[in-house]
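Below is one structure, written out as structure tokens; comments come after it.
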Amino acid sequence: MNLKDYFKDQFEYDFLEWKNDSDIEVLIEEKFQKYQNVNQLIIVGDSTGANFAYQLCELRNCKFDILVLTSPLLDIEKRIANFDFPDLIKPQLMKIENPKNALIIATKNDEILDQTWLFEMNLENTQLLEVDDNHRMINFNHYLPKIENYINPNKDKLETVKDRN
């Protein structure tokens, strides 16, 4: 909702909704089929959804897609929370040891996932934004301008040229 409020009608929106008993592979394949003829998607995922977003992006294998991940669950072994995780979802997660081609917004203070390993890596074609937040990204609205800049890095330059004309 924060993204829709911020970007308004600049984009069309779709969501991959899943439950603990969902067949994630089928859901990702459905989105893949739905958007296979689209030249560029902006794919955003949070936590477990970030893993699914990454999988969709990998399946599409489109160099023009834009991937934004927040508090990403990239490796179930990095989970530090002591409450149960749905057993049916675990085998559907991809282990992503070297995330690439993304904007990742994460915190070293994450109480659910150990995200410190991300900050120790040299990530390929990836911007890693360290935020002082928690896993739920309660300050998400503060990161929207960073996401906008990642999606359209030339926006400020275009507006400057437009203002001169």
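In the structure tokens, each chain is lettered A, B, ... as it comes, each chain's residues begin at 1, and ligands are numbered from 1 in order of appearance.
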
message: To test your reading of the structure, identify every residue in chain A that backbone DSSP assigns to strand (DSSP E), and report it as a list of chain:residue names.
response: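 Result set for chain A (strand (DSSP E)): A:Ile42, A:Ile43, A:Val44, A:Gly45, A:Asp46, A:Ile66, A:Leu67, A:Val68, A:Leu69, A:Thr70, A:Ala102, A:Leu103, A:Ile104, A:Ile105, A:Ala106, A:Thr126, A:Gln127, A:Leu128, A:Leu129, A:Glu130.
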
Could I get the residues of region 64-97 of chain A with an atom no further than 12 Å from an atom of region 12-28 of chain A, each paired with its nearest atom pair and that distance in Å to one decimal, using only C-alpha atoms, sorted by chain and residue number, as a tab-separated table?
```
residue	atom	partner	partner_atom	distance
A:Asp84	CA	A:Asn20	CA	11.7
A:Phe85	CA	A:Asn20	CA	9.1
A:Pro86	CA	A:Asn20	CA	6.0
A:Asp87	CA	A:Asn20	CA	8.3
A:Leu88	CA	A:Asp21	CA	6.1
A:Ile89	CA	A:Asn20	CA	6.3
A:Lys90	CA	A:Asn20	CA	9.8
A:Pro91	CA	A:Ile24	CA	9.9
A:Gln92	CA	A:Ile24	CA	6.4
A:Leu93	CA	A:Ile24	CA	8.7
A:Met94	CA	A:Glu25	CA	10.7
```

Could you take the residues named above and write them with N, CA and C atoms, as a short mmCIF file (atom, residue, chain, number, x, y, z; two decimals), in the first residue's frame?
```cif
data_model
loop_
_atom_site.label_atom_id
_atom_site.label_comp_id
_atom_site.auth_asym_id
_atom_site.auth_seq_id
_atom_site.Cartn_x
_atom_site.Cartn_y
_atom_site.Cartn_z
N ASP A 84 8.14 -21.03 14.88
CA ASP A 84 8.09 -21.95 13.75
C ASP A 84 7.91 -21.25 12.42
N PHE A 85 8.51 -21.83 11.40
CA PHE A 85 8.36 -21.39 10.02
C PHE A 85 7.56 -22.48 9.31
N PRO A 86 6.63 -22.13 8.44
CA PRO A 86 5.79 -23.15 7.79
C PRO A 86 6.60 -24.21 7.05
N ASP A 87 6.42 -25.46 7.42
CA ASP A 87 7.18 -26.57 6.84
C ASP A 87 6.93 -26.71 5.34
N LEU A 88 5.73 -26.41 4.87
CA LEU A 88 5.43 -26.54 3.45
C LEU A 88 6.14 -25.49 2.60
N ILE A 89 6.51 -24.38 3.20
CA ILE A 89 7.16 -23.30 2.47
C ILE A 89 8.68 -23.54 2.36
N LYS A 90 9.27 -24.12 3.38
CA LYS A 90 10.74 -24.29 3.42
C LYS A 90 11.32 -24.88 2.13
N PRO A 91 10.79 -26.00 1.62
CA PRO A 91 11.41 -26.56 0.41
C PRO A 91 11.17 -25.72 -0.85
N GLN A 92 10.31 -24.73 -0.75
CA GLN A 92 10.00 -23.89 -1.90
C GLN A 92 10.87 -22.63 -1.94
N LEU A 93 11.71 -22.48 -0.94
CA LEU A 93 12.61 -21.34 -0.89
C LEU A 93 13.88 -21.64 -1.67
N MET A 94 14.36 -20.68 -2.40
CA MET A 94 15.64 -20.79 -3.09
C MET A 94 16.73 -20.32 -2.11
#
```

- request: Would you please work out which residue, of A:Cys62, A:Phe32, A:Ile42, A:Asn141, is nearest to Asp5 (chain A) when using only C-alpha atoms?
  value: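 Closest candidate: A:Asn141.
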
query: Could you work out how far CA of Pro145 (chain A) lies from CA of Leu3 (chain A), giving the answer in Å with one decimal?
result: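 Computing it gives 10.5 Å between the two atoms.
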
Using only C-alpha atoms, which protein or nucleic acid residues come within 10 Å of region 67-69 of chain A? Drop anything in the same chain fewer than 2 positions from it, and give the result as a JSON list (two decimals) with N, CA and C atoms, in the first residue's frame.
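Okay, this is what ended up in selection.json:
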```
[["chain", "number", "residue", "atom", "x", "y", "z"],
["A", 41, "LEU", "N", 9.60, -5.45, -15.79],
["A", 41, "LEU", "CA", 8.80, -5.48, -14.57],
["A", 41, "LEU", "C", 9.61, -4.87, -13.45],
["A", 42, "ILE", "N", 8.92, -4.22, -12.55],
["A", 42, "ILE", "CA", 9.51, -3.83, -11.28],
["A", 42, "ILE", "C", 8.97, -4.83, -10.29],
["A", 43, "ILE", "N", 9.86, -5.63, -9.76],
["A", 43, "ILE", "CA", 9.47, -6.73, -8.87],
["A", 43, "ILE", "C", 9.94, -6.38, -7.46],
["A", 44, "VAL", "N", 9.01, -6.33, -6.54],
["A", 44, "VAL", "CA", 9.32, -5.96, -5.16],
["A", 44, "VAL", "C", 8.88, -7.09, -4.26],
["A", 45, "GLY", "N", 9.74, -7.46, -3.32],
["A", 45, "GLY", "CA", 9.39, -8.50, -2.37],
["A", 45, "GLY", "C", 9.95, -8.20, -1.01],
["A", 46, "ASP", "N", 9.21, -8.60, 0.01],
["A", 46, "ASP", "CA", 9.60, -8.38, 1.40],
["A", 46, "ASP", "C", 9.69, -9.71, 2.13],
["A", 47, "SER", "N", 10.77, -9.90, 2.88],
["A", 47, "SER", "CA", 10.97, -11.07, 3.72],
["A", 47, "SER", "C", 10.88, -12.35, 2.89],
["A", 48, "THR", "N", 9.98, -13.25, 3.22],
["A", 48, "THR", "CA", 9.82, -14.48, 2.45],
["A", 48, "THR", "C", 9.41, -14.15, 1.02],
["A", 49, "GLY", "N", 8.60, -13.13, 0.86],
["A", 49, "GLY", "CA", 8.19, -12.69, -0.47],
["A", 49, "GLY", "C", 9.36, -12.21, -1.31],
["A", 50, "ALA", "N", 10.43, -11.75, -0.66],
["A", 50, "ALA", "CA", 11.63, -11.35, -1.40],
["A", 50, "ALA", "C", 12.26, -12.57, -2.06],
["A", 51, "ASN", "N", 12.22, -13.69, -1.40],
["A", 51, "ASN", "CA", 12.74, -14.92, -1.99],
["A", 51, "ASN", "C", 11.93, -15.28, -3.23],
["A", 53, "ALA", "N", 10.14, -13.21, -5.05],
["A", 53, "ALA", "CA", 10.40, -12.17, -6.04],
["A", 53, "ALA", "C", 11.70, -12.47, -6.78],
["A", 54, "TYR", "N", 12.72, -12.89, -6.04],
["A", 54, "TYR", "CA", 14.00, -13.23, -6.65],
["A", 54, "TYR", "C", 13.83, -14.40, -7.61],
["A", 56, "LEU", "N", 11.13, -15.27, -9.25],
["A", 56, "LEU", "CA", 10.44, -14.80, -10.45],
["A", 56, "LEU", "C", 11.40, -14.05, -11.37],
["A", 57, "CYS", "N", 12.23, -13.22, -10.77],
["A", 57, "CYS", "CA", 13.19, -12.45, -11.56],
["A", 57, "CYS", "C", 14.18, -13.39, -12.27],
["A", 64, "PHE", "N", 16.16, -6.08, -18.17],
["A", 64, "PHE", "CA", 15.51, -4.80, -17.92],
["A", 64, "PHE", "C", 14.66, -4.79, -16.64],
["A", 65, "ASP", "N", 14.41, -5.96, -16.07],
["A", 65, "ASP", "CA", 13.63, -6.01, -14.83],
["A", 65, "ASP", "C", 14.36, -5.31, -13.70],
["A", 71, "SER", "N", 14.24, -6.62, 3.73],
["A", 71, "SER", "CA", 14.39, -7.67, 4.75],
["A", 71, "SER", "C", 14.34, -9.06, 4.12],
["A", 72, "PRO", "N", 15.16, -9.30, 3.11],
["A", 72, "PRO", "CA", 14.98, -10.51, 2.31],
["A", 72, "PRO", "C", 15.40, -11.80, 3.01],
["A", 73, "LEU", "N", 14.53, -12.79, 2.92],
["A", 73, "LEU", "CA", 14.86, -14.14, 3.37],
["A", 73, "LEU", "C", 15.51, -14.85, 2.18],
["A", 74, "LEU", "N", 16.82, -14.75, 2.12],
["A", 74, "LEU", "CA", 17.56, -15.31, 0.99],
["A", 74, "LEU", "C", 18.11, -16.70, 1.30],
["A", 100, "LYS", "N", 22.19, -10.72, -6.70],
["A", 100, "LYS", "CA", 22.74, -9.77, -7.66],
["A", 100, "LYS", "C", 21.61, -9.03, -8.36],
["A", 101, "ASN", "N", 21.97, -7.92, -8.97],
["A", 101, "ASN", "CA", 21.05, -7.14, -9.80],
["A", 101, "ASN", "C", 19.80, -6.70, -9.03],
["A", 102, "ALA", "N", 20.02, -6.05, -7.89],
["A", 102, "ALA", "CA", 18.88, -5.68, -7.06],
["A", 102, "ALA", "C", 19.22, -4.47, -6.19],
["A", 103, "LEU", "N", 18.17, -3.89, -5.66],
["A", 103, "LEU", "CA", 18.28, -2.98, -4.53],
["A", 103, "LEU", "C", 17.83, -3.79, -3.33],
["A", 104, "ILE", "N", 18.70, -3.91, -2.34],
["A", 104, "ILE", "CA", 18.36, -4.63, -1.11],
["A", 104, "ILE", "C", 18.35, -3.62, 0.03],
["A", 105, "ILE", "N", 17.23, -3.59, 0.73],
["A", 105, "ILE", "CA", 17.09, -2.75, 1.91],
["A", 105, "ILE", "C", 17.05, -3.67, 3.11],
["A", 106, "ALA", "N", 18.03, -3.53, 3.98],
["A", 106, "ALA", "CA", 18.14, -4.45, 5.11],
["A", 106, "ALA", "C", 18.71, -3.72, 6.31],
["A", 126, "THR", "N", 24.51, -4.63, -7.35],
["A", 126, "THR", "CA", 23.49, -4.53, -6.31],
["A", 126, "THR", "C", 23.79, -3.35, -5.41],
["A", 127, "GLN", "N", 22.74, -2.60, -5.11],
["A", 127, "GLN", "CA", 22.84, -1.54, -4.12],
["A", 127, "GLN", "C", 22.29, -2.09, -2.81],
["A", 128, "LEU", "N", 23.08, -2.02, -1.77],
["A", 128, "LEU", "CA", 22.66, -2.47, -0.45],
["A", 128, "LEU", "C", 22.47, -1.24, 0.42],
["A", 147, "ILE", "N", 13.96, 4.01, -3.26],
["A", 147, "ILE", "CA", 13.41, 3.06, -4.23],
["A", 147, "ILE", "C", 13.12, 3.77, -5.54],
["A", 150, "TYR", "N", 16.24, 4.32, -7.42],
["A", 150, "TYR", "CA", 16.74, 3.07, -7.99],
["A", 150, "TYR", "C", 15.96, 2.70, -9.25],
["A", 151, "ILE", "N", 14.64, 2.89, -9.19],
["A", 151, "ILE", "CA", 13.79, 2.56, -10.33],
["A", 151, "ILE", "C", 14.08, 3.50, -11.50]]
```

task: Quick one: pick out all alpha helix (DSSP H) residues within region 71-121 of chain A from a backbone DSSP run and write them as a list in words.
output: Thr116, Trp117, Leu118 and Phe119 of chain A

Using the selection just defined, write its residues with C-alpha atoms as a PDB file, in the first residue's frame.
```pdb
ATOM      1  CA  THR A 116      24.960  -9.143   8.574  1.00  0.00           C
ATOM      2  CA  TRP A 117      26.379 -11.486   5.925  1.00  0.00           C
ATOM      3  CA  LEU A 118      24.967  -9.229   3.202  1.00  0.00           C
ATOM      4  CA  PHE A 119      27.047  -6.328   4.480  1.00  0.00           C
TER       5      PHE A 119
END
```

- prompt: Which residue, A:His135, A:Asn125, A:Pro99, A:Gln40, has the smallest gap to Ala81 (chain A) when you use only C-alpha atoms?
  reply: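 Counting only C-alpha atoms, the residue closest to Ala81 (chain A) is A:His135.
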
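Atom to atom, CA of Glu148 (chain A) and CA of Asp133 (chain A) stand 19.3 Å apart.
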
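Across the model, the gap from CA of Gln36 (chain A) to CA of Asp9 (chain A) is 22.2 Å.
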
- request: Rank nothing, just name the residue among A:Pro153, A:Asn109, A:Phe7, A:Asp114 nearest to Asp132 (chain A), using only C-alpha atoms.
  value: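 Among A:Pro153, A:Asn109, A:Phe7, A:Asp114, it is A:Asn109 that comes nearest to Asp132 (chain A).
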